[in-house]
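K.L.:
This is the structure I want to talk about, given as structure tokens.
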Amino acid sequence: MAQTPRPTHPLSIDDAWAFTTAHAATTTFFFDFDGVLSPVTDDPDASQPAPAVLGVLERLAGAVQRVAIVSARPVSFLRSRFASLERVDLYGLYGLEVWHDGEVVTEPAALPWVPAMSDLAEQARAELPADVLVEYKRLSVALHYRVAPHEAGTVERWGHEQAERLGLRIQAGRMVVELKPPVDQDKGMVITEGVRNAGCAWYFGDDMSDIKAFDALRAREAVDPSFFGVAVAVANPETGAEVSSAADLTLDSPDAVAEFLTNGLARF
């Protein structure tokens, strides 16, 4: 391993892959789902992985130590999209749920909030405009205004009012406001824990919540000179500039992610 020095930032794609292939046995790849492995859709339930994604993730999981998907989606949703992948770990709801070795583990501190989230979803459907899509995720409620961007202010005000009333946390995203339990868990914390024993890690993200994951890679590099992290932004018109500026590399679509990984795997 000492024969392959850690690349410096800003980095080249060749250097990043060279280090990764040399340290494959201690490398983890983390991926967001929406906007990274799947195109963003007006109806969240309609989202499917890009055509080449399943095959390339299966190959990647056989080449490196670990592959994981870290998403705002529930584990149940992720399992329905990635049922054929036996060696990919799933982190749902920003890490409040984890699917690993055939078992779902839920953060105990979040479970008492299930009834409140169910009630909140019903309240949102009753009080918000009909063209705001209310997505109940058991441990969170997401308020999507993608098909009604003119309702952004209404959704944001309502969300902040409910968060203050119930003591919830707000997670802003691409045309969505999400209400979550007041439990310390986010993508950055997932990555911080996930890279504790890794020699190399990649994170692919497209949204504001993914910047915390990028920061976790940087923080690990700062305390471990042997660790190498690669932050990849999948750019989009809604959050692209800010997310891309925080990343090492930028791709333009889920199809481009699959192609990038396919090309990288050819180096192993």
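Residues in the structure tokens are numbered from 1 in each chain, the chains being A, B, ... in the order shown, and ligands are numbered from 1 in the order shown.
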Please identify all polymer residues within 12 Å of A:His9, counting only C-alpha atoms, omitting same-chain residues fewer than 6 positions from it, and present them as a VMD selection string.
P.N.:
chain A and resid 15 to 16 218 221 228 to 231 246 to 249
K.L.:
Name the residues in contact with stretch 136-150 of chain A at a cut-off of 6 Å, using only C-alpha atoms, excluding same-chain residues fewer than 4 positions from it; report them as a PyMOL selection string.
P.N.:
chain A and resi 114+117+121+132+175-180
K.L.:
Store the residues picked out above in a file with C-alpha atoms, as a PDB file, in the first residue's frame.
P.N.:
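out-v2.pdb written:
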```pdb
ATOM      1  CA  VAL A 114     -43.661   6.899  14.423  1.00  0.00           C
ATOM      2  CA  MET A 117     -45.118  11.225  11.916  1.00  0.00           C
ATOM      3  CA  ALA A 121     -48.688  13.207   7.300  1.00  0.00           C
ATOM      4  CA  VAL A 132     -48.154  19.258  -2.757  1.00  0.00           C
ATOM      5  CA  MET A 175     -38.000  20.876  -4.204  1.00  0.00           C
ATOM      6  CA  VAL A 176     -38.829  19.205  -0.887  1.00  0.00           C
ATOM      7  CA  VAL A 177     -39.063  19.997   2.805  1.00  0.00           C
ATOM      8  CA  GLU A 178     -38.646  17.007   5.103  1.00  0.00           C
ATOM      9  CA  LEU A 179     -39.597  16.808   8.782  1.00  0.00           C
ATOM     10  CA  LYS A 180     -37.576  14.382  10.909  1.00  0.00           C
TER      11      LYS A 180
END
```
K.L.:
Identify, with DSSP run on backbone atoms, the residues in stretch 31-257 of chain A assigned to alpha helix (DSSP H), and express the list as a PyMOL selection string.
P.N.:
chain A and resi 53-63+75-81+114-127+152-166+187-194+211-223+240-245+254-257
K.L.:
To one decimal place, how far is atom CA of A:Thr154 from atom CA of A:Leu128 in Å?
P.N.:
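Value for the atom CA of A:Thr154-atom CA of A:Leu128 distance: 8.0 Å.
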K.L.:
Might you pull out every residue within 7 Å of A:Ala68, with only C-alpha atoms counted and same-chain residues fewer than 3 positions away left off, and present them as JSON, numbers by chain?
P.N.:
{"A": [29, 30, 31, 88, 89, 90]}
K.L.:
Produce a file of the selected residues containing N, CA and C atoms, as a short mmCIF file (atom, residue, chain, number, x, y, z; two decimals), in the first residue's frame.
P.N.:
```
data_model
loop_
_atom_site.label_atom_id
_atom_site.label_comp_id
_atom_site.auth_asym_id
_atom_site.auth_seq_id
_atom_site.Cartn_x
_atom_site.Cartn_y
_atom_site.Cartn_z
N PHE A 29 -17.54 2.36 -1.36
CA PHE A 29 -18.24 3.31 -2.22
C PHE A 29 -19.62 3.57 -1.62
N PHE A 30 -19.94 4.84 -1.38
CA PHE A 30 -21.24 5.26 -0.88
C PHE A 30 -21.97 6.05 -1.96
N PHE A 31 -23.28 5.80 -2.09
CA PHE A 31 -24.09 6.49 -3.10
C PHE A 31 -25.40 6.99 -2.50
N VAL A 88 -24.81 -5.27 -1.12
CA VAL A 88 -24.88 -3.82 -0.99
C VAL A 88 -25.66 -3.47 0.27
N ASP A 89 -25.04 -2.68 1.16
CA ASP A 89 -25.71 -2.24 2.38
C ASP A 89 -26.60 -1.04 2.07
N LEU A 90 -27.71 -0.92 2.80
CA LEU A 90 -28.67 0.15 2.58
C LEU A 90 -28.86 0.96 3.86
#
```
K.L.:
Need to verify the contact set: A:Val104, 12 Å, only C-alpha atoms, exclusion of same-chain residues closer than 5 positions in sequence. Can you return it as a PDB file with N, CA and C atoms, in the first residue's frame?
P.N.:
```
ATOM      1  N   PRO A  74     -36.835   5.283   2.750  1.00  0.00           N
ATOM      2  CA  PRO A  74     -36.849   4.187   3.718  1.00  0.00           C
ATOM      3  C   PRO A  74     -36.136   2.952   3.160  1.00  0.00           C
ATOM      4  N   VAL A  75     -35.657   2.116   4.049  1.00  0.00           N
ATOM      5  CA  VAL A  75     -35.008   0.879   3.628  1.00  0.00           C
ATOM      6  C   VAL A  75     -35.959   0.024   2.802  1.00  0.00           C
ATOM      7  N   SER A  76     -37.241   0.007   3.176  1.00  0.00           N
ATOM      8  CA  SER A  76     -38.208  -0.805   2.428  1.00  0.00           C
ATOM      9  C   SER A  76     -38.255  -0.396   0.956  1.00  0.00           C
ATOM     10  N   LEU A  78     -35.756   1.162  -0.732  1.00  0.00           N
ATOM     11  CA  LEU A  78     -34.476   0.814  -1.341  1.00  0.00           C
ATOM     12  C   LEU A  78     -34.391  -0.682  -1.633  1.00  0.00           C
ATOM     13  N   ARG A  79     -34.898  -1.498  -0.737  1.00  0.00           N
ATOM     14  CA  ARG A  79     -34.875  -2.945  -0.969  1.00  0.00           C
ATOM     15  C   ARG A  79     -35.727  -3.305  -2.190  1.00  0.00           C
ATOM     16  N   ASP A  89     -25.040  -2.682   1.165  1.00  0.00           N
ATOM     17  CA  ASP A  89     -25.714  -2.238   2.378  1.00  0.00           C
ATOM     18  C   ASP A  89     -26.603  -1.044   2.069  1.00  0.00           C
ATOM     19  N   LEU A  90     -27.706  -0.918   2.804  1.00  0.00           N
ATOM     20  CA  LEU A  90     -28.670   0.154   2.579  1.00  0.00           C
ATOM     21  C   LEU A  90     -28.863   0.958   3.856  1.00  0.00           C
ATOM     22  N   TYR A  91     -28.644   2.262   3.766  1.00  0.00           N
ATOM     23  CA  TYR A  91     -28.930   3.183   4.862  1.00  0.00           C
ATOM     24  C   TYR A  91     -30.140   4.006   4.461  1.00  0.00           C
ATOM     25  N   GLY A  92     -31.260   3.802   5.150  1.00  0.00           N
ATOM     26  CA  GLY A  92     -32.464   4.552   4.840  1.00  0.00           C
ATOM     27  C   GLY A  92     -32.694   5.679   5.819  1.00  0.00           C
ATOM     28  N   GLY A  95     -29.861   7.233   7.607  1.00  0.00           N
ATOM     29  CA  GLY A  95     -29.171   6.356   8.538  1.00  0.00           C
ATOM     30  C   GLY A  95     -29.990   5.937   9.740  1.00  0.00           C
ATOM     31  N   LEU A  96     -31.238   6.386   9.846  1.00  0.00           N
ATOM     32  CA  LEU A  96     -32.101   5.931  10.945  1.00  0.00           C
ATOM     33  C   LEU A  96     -32.463   4.457  10.785  1.00  0.00           C
ATOM     34  N   GLU A  97     -32.398   3.968   9.543  1.00  0.00           N
ATOM     35  CA  GLU A  97     -32.605   2.550   9.264  1.00  0.00           C
ATOM     36  C   GLU A  97     -31.391   2.015   8.505  1.00  0.00           C
ATOM     37  N   VAL A  98     -30.997   0.782   8.806  1.00  0.00           N
ATOM     38  CA  VAL A  98     -29.856   0.165   8.127  1.00  0.00           C
ATOM     39  C   VAL A  98     -30.205  -1.275   7.769  1.00  0.00           C
ATOM     40  N   TRP A  99     -29.947  -1.626   6.509  1.00  0.00           N
ATOM     41  CA  TRP A  99     -30.094  -3.008   6.039  1.00  0.00           C
ATOM     42  C   TRP A  99     -28.698  -3.568   5.841  1.00  0.00           C
TER      43      TRP A  99
END
```
K.L.:
Tell me which protein, DNA and RNA residues are within 9 Å of A:Asn236, counting only C-alpha atoms, leaving out same-chain ones fewer than 6 positions away, and put them as a tab-separated table (two decimals) with C-alpha atoms, in the first residue's frame.
P.N.:
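Listed below is the output, selection.tsv:
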```
chain	number	residue	atom	x	y	z
A	35	GLY	CA	-30.43	12.10	-8.60
A	206	ASP	CA	-26.37	15.56	-5.62
A	207	ASP	CA	-28.14	17.46	-2.85
A	252	ASP	CA	-23.99	15.15	-14.99
A	253	SER	CA	-26.51	12.30	-14.57
```
K.L.:
Excluding same-chain residues fewer than 6 positions from A:Leu265, what lies within 8 Å of it counting only C-alpha atoms, as a list in words?
P.N.:
Arg59, Leu60 and Ala63 of chain A
K.L.:
Any idea what the distance is between atom CA of A:Leu217 and atom CA of A:Thr21?
P.N.:
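For atom CA of A:Leu217 relative to atom CA of A:Thr21, the distance reads 18.2 Å.
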K.L.:
Taking 3 positions as the minimum chain separation for residues in the same chain, which residues sit within 7 Å of A:His23 when counting only C-alpha atoms? Answer as a list in words.
P.N.:
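Non-adjacent residues within range: Met1, Phe19, Thr20, Thr26, Thr27, Gly199 and Cys200 of chain A.
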K.L.:
Rounded to one decimal place, report the atom CA of A:Val234-atom CA of A:Ala50 distance in Å.
P.N.:
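For atom CA of A:Val234 relative to atom CA of A:Ala50, the distance reads 13.5 Å.
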